[in-house]
file final_7.txt (compact mmCIF, C-alpha atoms)
# COMPACT_ATOMS: atom_id res chain seq x y z
CA MET A 1 5.75 89.45 32.73
CA LYS A 2 8.39 90.24 30.17
CA MET A 3 9.62 86.64 30.13
CA LYS A 4 6.11 85.34 29.58
CA HIS A 5 5.66 87.81 26.72
CA TYR A 6 8.96 86.74 25.17
CA HIS A 7 8.04 83.05 25.44
CA ARG A 8 4.65 83.71 23.83
CA MET A 9 6.22 85.65 20.96
CA ALA A 10 8.85 82.88 20.45
CA THR A 11 6.10 80.28 20.33
CA THR A 12 4.22 82.31 17.70
CA ILE A 13 7.38 82.74 15.60
CA GLN A 14 8.20 79.03 15.81
CA LYS A 15 4.64 78.01 14.81
CA THR A 16 4.72 80.38 11.84
CA TRP A 17 8.17 79.21 10.68
CA ARG A 18 7.37 75.54 11.13
CA GLY A 19 4.14 75.89 9.16
CA PHE A 20 5.97 77.69 6.34
CA TYR A 21 8.75 75.09 6.28
CA THR A 22 6.27 72.21 6.29
CA ARG A 23 4.11 73.68 3.52
CA LYS A 24 7.13 74.46 1.34
CA TYR A 25 9.46 71.48 1.87
CA VAL A 26 7.58 68.63 3.60
CA SER A 27 3.99 68.60 2.32
CA ASN A 28 4.02 70.90 -0.67
CA TYR A 29 0.74 70.39 -2.49
CA TYR A 30 1.88 71.52 -5.93
CA SER A 31 5.08 69.52 -5.92
CA ARG A 32 3.18 66.44 -4.71
CA LYS A 33 0.62 66.97 -7.49
CA ARG A 34 3.34 67.22 -10.13
CA TYR A 35 4.98 64.07 -8.72
CA LEU A 36 1.73 62.08 -8.82
CA GLU A 37 0.96 63.19 -12.39
CA GLY A 38 4.43 62.13 -13.52
CA LEU A 39 4.04 58.82 -11.67
CA LYS A 40 0.71 58.22 -13.39
CA ILE A 41 2.23 58.81 -16.82
CA LYS A 42 5.17 56.54 -15.97
CA ASN A 43 2.81 53.78 -14.83
CA GLU A 44 0.86 53.98 -18.08
CA ILE A 45 4.10 53.70 -20.06
CA MET A 46 5.22 50.69 -18.00
CA LEU A 47 1.84 48.99 -18.42
CA ASN A 48 1.99 49.45 -22.18
CA GLU A 49 5.52 48.04 -22.29
CA LEU A 50 4.49 45.06 -20.15
CA GLU A 51 1.51 44.36 -22.42
CA GLU A 52 3.75 44.44 -25.47
CA TYR A 53 6.27 42.15 -23.75
CA ALA A 54 3.51 39.70 -22.77
CA GLU A 55 2.18 39.64 -26.34
CA GLN A 56 5.71 39.08 -27.65
CA GLN A 57 6.27 36.20 -25.21
CA GLU A 58 2.96 34.61 -26.21
CA GLN A 59 3.92 34.85 -29.86
CA MET A 60 7.34 33.32 -29.17
CA THR A 61 5.71 30.50 -27.19
CA GLU A 62 3.25 29.78 -29.99
CA ILE A 63 6.03 29.83 -32.58
CA LYS A 64 8.15 27.46 -30.49
CA LYS A 65 5.17 25.16 -29.97
CA ASP A 66 4.45 25.13 -33.71
CA ILE A 67 8.10 24.33 -34.47
CA ASP A 68 8.15 21.45 -31.96
CA GLN A 69 4.87 20.10 -33.28
CA LYS A 70 6.17 20.29 -36.84
CA LYS A 71 9.36 18.44 -35.85
CA LYS A 72 7.36 15.70 -34.16
CA LEU A 73 5.11 15.43 -37.20
CA ASP A 74 8.10 15.19 -39.55
CA THR A 75 9.72 12.53 -37.36
CA PHE A 76 6.49 10.54 -37.26
CA SER A 77 6.13 10.85 -41.04
CA ARG A 78 9.68 9.58 -41.66
CA LYS A 79 9.30 6.65 -39.25
CA ASN A 80 5.87 5.62 -40.56
CA HIS A 81 6.45 6.25 -44.24
CA TYR A 82 5.57 2.64 -44.96
CA LEU A 83 1.90 3.48 -44.20
CA LEU A 84 1.70 5.55 -47.38
CA SER A 85 -0.91 4.56 -49.93
CA THR A 86 0.01 2.91 -53.21
CA VAL A 87 -1.77 2.59 -56.50
CA VAL A 88 -3.02 -0.89 -55.63
CA GLN A 89 -3.51 -0.77 -51.87
CA PRO A 90 -4.82 2.26 -49.93
CA GLY A 91 -2.94 3.19 -46.77
CA VAL A 92 -4.09 3.47 -43.19
CA PHE A 93 -4.83 7.18 -43.47
CA ASN A 94 -6.54 6.88 -46.87
CA SER A 95 -9.83 5.14 -46.22
CA PRO A 96 -11.84 4.24 -49.34
CA TYR A 97 -15.04 5.02 -47.41
CA LYS A 98 -14.16 8.71 -47.08
CA PRO A 99 -14.46 11.28 -49.88
CA TYR A 100 -10.91 12.54 -49.32
CA PRO A 101 -7.85 11.14 -47.53
CA ASP A 102 -6.74 12.17 -44.08
CA GLU A 103 -4.31 15.04 -43.50
CA MET A 104 -1.63 12.62 -42.33
CA GLU A 105 -1.62 11.07 -45.80
CA PHE A 106 -0.33 14.34 -47.28
CA HIS A 107 2.31 14.61 -44.55
CA LEU A 108 3.53 11.12 -45.46
CA ARG A 109 3.73 12.10 -49.12
CA ASN A 110 5.74 15.24 -48.38
CA ALA A 111 8.08 13.54 -45.89
CA LYS A 112 11.74 13.67 -46.84
CA MET A 113 13.73 10.64 -45.86
CA ASP A 114 17.10 11.10 -44.20
CA SER A 115 20.11 10.20 -46.27
CA PRO A 116 22.05 7.25 -44.88
CA SER A 117 24.94 8.42 -42.75
CA PRO A 118 28.33 7.11 -43.94
CA HIS A 119 29.91 4.61 -41.58
CA PRO A 120 33.43 5.36 -40.39
CA PRO A 121 36.13 3.14 -41.91
CA LYS A 122 36.92 0.08 -39.88
CA LYS A 123 40.35 -0.09 -38.36
CA SER A 124 42.54 -3.01 -39.19
CA LYS A 125 43.00 -5.46 -36.34
CA ASP A 126 46.45 -6.63 -37.47
CA LYS A 127 48.35 -3.81 -35.83
CA ILE A 128 47.93 -3.13 -32.14
CA PHE A 129 48.88 0.56 -32.28
CA ASP A 130 48.01 3.39 -34.60
CA PRO A 131 50.38 3.47 -37.61
CA SER A 132 50.38 7.28 -37.51
CA TRP A 133 52.42 7.16 -34.32
CA ARG A 134 55.92 7.03 -35.73
CA ARG A 135 57.63 7.36 -32.40
CA TYR A 136 57.34 3.60 -31.86
CA ASP A 137 59.74 3.07 -34.73
CA LEU A 138 62.42 5.31 -33.24
CA PRO A 139 65.44 3.54 -31.71
CA LYS A 140 65.33 3.33 -27.92
CA PRO A 141 68.39 4.38 -25.93
CA GLU A 142 70.19 1.54 -24.20
CA VAL A 143 71.32 3.57 -21.17
CA LEU A 144 69.31 6.33 -19.56
CA PRO A 145 70.91 9.76 -19.56
CA PRO A 146 72.45 10.91 -16.26
CA VAL A 147 70.32 12.94 -13.89
CA ASN A 148 71.64 16.46 -13.71
CA GLY A 149 71.65 18.07 -10.31
CA LYS A 150 71.22 16.77 -6.83
CA PRO A 151 67.75 15.47 -5.94
CA GLN A 152 65.97 17.42 -3.25
CA GLY A 153 65.58 15.92 0.18
CA PRO A 154 65.27 15.09 2.98
CA PHE A 155 64.75 11.38 2.36
CA ARG A 156 63.94 8.58 4.76
CA ASP A 157 66.37 5.83 5.68
CA PRO A 158 66.40 3.07 2.99
CA ARG A 159 66.20 0.37 5.66
CA GLU A 160 63.08 1.91 7.15
CA VAL A 161 61.47 2.17 3.72
CA GLN A 162 62.38 -1.44 2.91
CA GLN A 163 61.06 -2.62 6.28
CA GLN A 164 57.79 -0.79 5.69
CA ARG A 165 57.48 -2.23 2.18
CA TYR A 166 58.26 -5.80 3.14
CA LYS A 167 56.60 -5.85 6.56
CA PRO A 168 55.35 -9.28 7.68
CA PHE A 169 51.75 -10.35 7.38
CA GLN A 170 49.64 -9.46 10.44
CA PRO A 171 46.54 -11.63 10.43
CA THR A 172 43.51 -10.93 12.59
CA LEU A 173 42.54 -12.97 15.63
CA ARG A 174 39.92 -14.86 13.64
CA VAL A 175 42.47 -15.85 11.01
CA GLU A 176 45.03 -16.91 13.59
CA SER A 177 42.61 -19.04 15.62
CA ASN A 178 42.02 -22.64 14.58
CA TYR A 179 38.68 -23.49 13.01
CA TYR A 180 38.39 -26.71 15.04
CA SER A 181 39.57 -25.16 18.33
CA LEU A 182 36.19 -25.74 20.02
CA ASP A 183 36.09 -29.44 19.12
CA GLU A 184 39.69 -29.89 20.20
CA ALA A 185 38.99 -28.20 23.55
CA ARG A 186 36.01 -30.50 24.17
CA GLU A 187 38.09 -33.56 23.33
CA LYS A 188 40.83 -32.38 25.67
CA MET A 189 38.33 -31.89 28.51
CA LYS A 190 36.98 -35.41 27.98
CA GLN A 191 40.49 -36.85 28.16
CA GLU A 192 41.22 -34.95 31.38
CA GLU A 193 37.98 -36.19 32.95
CA TRP A 194 38.75 -39.77 31.94
CA VAL A 195 42.26 -39.54 33.46
CA ASN A 196 41.15 -37.93 36.72
CA ARG A 197 38.18 -40.19 37.53
CA LEU A 198 38.69 -43.07 39.99
CA ILE A 199 36.16 -45.67 38.81
CA ASP A 200 34.49 -46.29 35.50
CA ILE A 201 31.05 -47.02 36.96
CA LYS A 202 29.64 -44.56 39.41
CA PHE A 203 28.67 -45.76 42.90
CA GLN A 204 25.03 -46.83 43.16
CA PRO A 205 23.38 -47.41 46.60
CA SER A 206 21.87 -50.83 47.29
CA LYS A 207 18.85 -49.44 49.14
CA ARG A 208 16.07 -48.05 47.04
CA LYS A 209 14.06 -45.17 48.42
CA THR A 210 10.30 -45.69 48.48
CA TYR A 211 7.87 -42.86 48.18
CA ALA A 212 4.46 -42.86 49.92
CA TYR A 213 1.46 -43.01 47.64
CA GLU A 214 -0.52 -39.82 47.60
CA PRO A 215 -4.15 -40.53 46.65
CA LEU A 216 -5.92 -38.21 44.30
CA LEU A 217 -8.36 -35.75 45.79
CA HIS A 218 -10.67 -36.23 42.83
CA SER A 219 -11.20 -39.96 43.48
CA THR A 220 -10.94 -40.11 47.32
CA SER A 221 -13.28 -37.28 48.24
CA SER A 222 -16.10 -38.01 50.71
CA PHE A 223 -18.55 -36.47 48.28
CA GLY A 224 -17.52 -38.83 45.51
CA HIS A 225 -16.02 -38.11 42.18
CA LEU A 226 -17.80 -36.54 39.28
CA PRO A 227 -19.36 -38.99 36.81
CA TYR A 228 -18.29 -36.84 33.88
CA GLY A 229 -16.72 -39.03 31.23
CA THR A 230 -17.45 -42.31 33.05
CA SER A 231 -21.22 -42.64 33.51
CA TYR A 232 -23.08 -40.62 30.95
CA PHE A 233 -20.40 -39.35 28.60
CA ARG A 234 -20.15 -42.53 26.47
CA HIS A 235 -23.63 -44.05 26.87
CA GLU A 236 -27.14 -43.15 25.85
CA TYR A 237 -30.26 -43.68 27.93
CA PRO A 238 -33.37 -43.36 25.78
CA ASP A 239 -35.69 -43.85 28.77
CA LYS A 240 -34.38 -40.63 30.29
CA TRP A 241 -35.06 -38.58 27.18
CA LEU A 242 -37.75 -35.92 27.32
CA PHE A 243 -39.51 -37.50 24.36
CA GLY A 244 -39.21 -41.26 24.09
CA SER A 245 -38.52 -43.26 21.00
CA SER A 246 -42.26 -43.59 20.38
CA GLU A 247 -43.03 -39.92 20.70
CA LYS A 248 -41.31 -37.87 18.01
CA PHE A 249 -41.39 -34.26 17.10
CA ARG A 250 -44.09 -33.21 14.74
CA THR A 251 -42.39 -32.38 11.45
CA VAL A 252 -43.60 -29.68 9.12
CA VAL A 253 -41.74 -31.01 6.08
CA PRO A 254 -42.54 -34.58 4.93
CA PRO A 255 -39.91 -37.09 6.07
CA ILE A 256 -37.12 -38.31 3.82
CA PRO A 257 -37.41 -42.07 3.17
CA VAL A 258 -33.66 -42.59 3.13
CA PHE A 259 -33.27 -41.22 6.65
CA GLU A 260 -36.25 -43.26 7.88
CA LYS A 261 -34.36 -46.48 7.09
CA LEU A 262 -31.37 -45.47 9.19
CA ASN A 263 -31.80 -47.90 12.09
CA ASP A 264 -33.28 -50.66 9.94
CA THR A 265 -30.98 -51.09 6.98
CA TYR A 266 -27.89 -49.06 8.01
CA THR A 267 -25.60 -49.61 10.94
CA GLU A 268 -24.77 -46.86 13.32
CA GLY A 269 -21.38 -45.31 12.82
call {"tool": "encode", "arguments": {"input": "final_7.txt", "output": "C-alpha cells"}}
result
Amino acid sequence: MKMKHYHRMATTIQKTWRGFYTRKYVSNYYSRKRYLEGLKIKNEIMLNELEEYAEQQEQMTEIKKDIDQKKKLDTFSRKNHYLLSTVVQPGVFNSPYKPYPDEMEFHLRNAKMDSPSPHPPKKSKDKIFDPSWRRYDLPKPEVLPPVNGKPQGPFRDPREVQQQRYKPFQPTLRVESNYYSLDEAREKMKQEEWVNRLIDIKFQPSKRKTYAYEPLLHSTSSFGHLPYGTSYFRHEYPDKWLFGSSEKFRTVVPPIPVFEKLNDTYTEG
C-alpha cells in the first residue's frame, strides 16, 4: 500500500512540475505574444523597405530606358541629318500639309554632328623595322661567349638521337604496292594459262546431241486452245453485235455532222 501511495504522489509531483516547466519555458503565452508582436513590427518594416526598393528599381529602370532611347534618337538624328528641311525644300518630317512640323524635325535641328576623328599617321614602307629600335644598329659579336658551368644531364647518346632524327621513310602498304598490280597479275595469269595449255582449239565432239521436241500443252490439249488473240481479238463481227449497223442508239443530243461522215469521207485509222 505504501508503494502505491508513493507512486501516486510521485506521479502528482511530476505532473505538476512538468506543467509548470511547460507553461514557463516551452509554451509561455506572454513571451510568445511579445515575440509575435515584435515579428509583426519587423514584417511591416521589411515590407516598407521592399516597397521603397521596388520603387527605386522602377525609377532606375525608367531612367535607363530614357537614356537608351535618347541615345538611339541622337544616333538616328546624326545619321539622317540630311533629311532636315531647308529654306527651299521641306524635309521628310516637315510636311507642308500640316500646321506644324513633326517632332523629329526638331531633333534633326538640335543634332550635333561628331567631329571627324584624326587618322593615325601612315608608316613609311621604305624601312622594314621600326626606326625606334636602335638595337639593330649595334655591332653583333663574331663569336658567342663561352657557356659557364656544366650543362645538366643526363643526355641521350648522340648516335641514337641522330638515328631518330634521320630515320628512313616508312611508307604504308598502299604506298608500297604498285598501282597496276591487279592488271599485271591478270596478264601473268593469262601467260601461265597460254604456256600450260596443250592445244589452241578446244576439242569439239563430232556427234551433235538432239533433244526431243516437247509440244506445248496450250496448243495440244484435247479441249483445244483458247481463241484469245487469234479469232476475235483482231477482227470485228458486226452481225454478232447486240444492235446491228441499222439499229442505233437513240441519241438525246442532236448528232454532229462531222462525226456522221466518218465512214463516208474519212478512212478508218
call {"tool": "atom_distance", "arguments": {"input": "final_7.txt", "atom1": "CA of Thr11 (chain A)", "atom2": "CA of Tyr30 (chain A)"}}
result
28.0 Å
call {"tool": "atom_distance", "arguments": {"input": "final_7.txt", "atom1": "CA of Val161 (chain A)", "atom2": "CA of Val175 (chain A)"}}
result
27.2 Å
call {"tool": "closest_residue", "arguments": {"input": "final_7.txt", "among": "A:Gln69, A:Ser85, A:Ser95, A:Thr75", "to": "Lys112 (chain A)", "atoms": "all atoms listed in the file"}}
result
A:Thr75
call {"tool": "closest_residue", "arguments": {"input": "final_7.txt", "among": "A:Ala111, A:Asn94, A:Phe20, A:Tyr180", "to": "Lys72 (chain A)", "atoms": "all atoms listed in the file"}}
result
A:Ala111
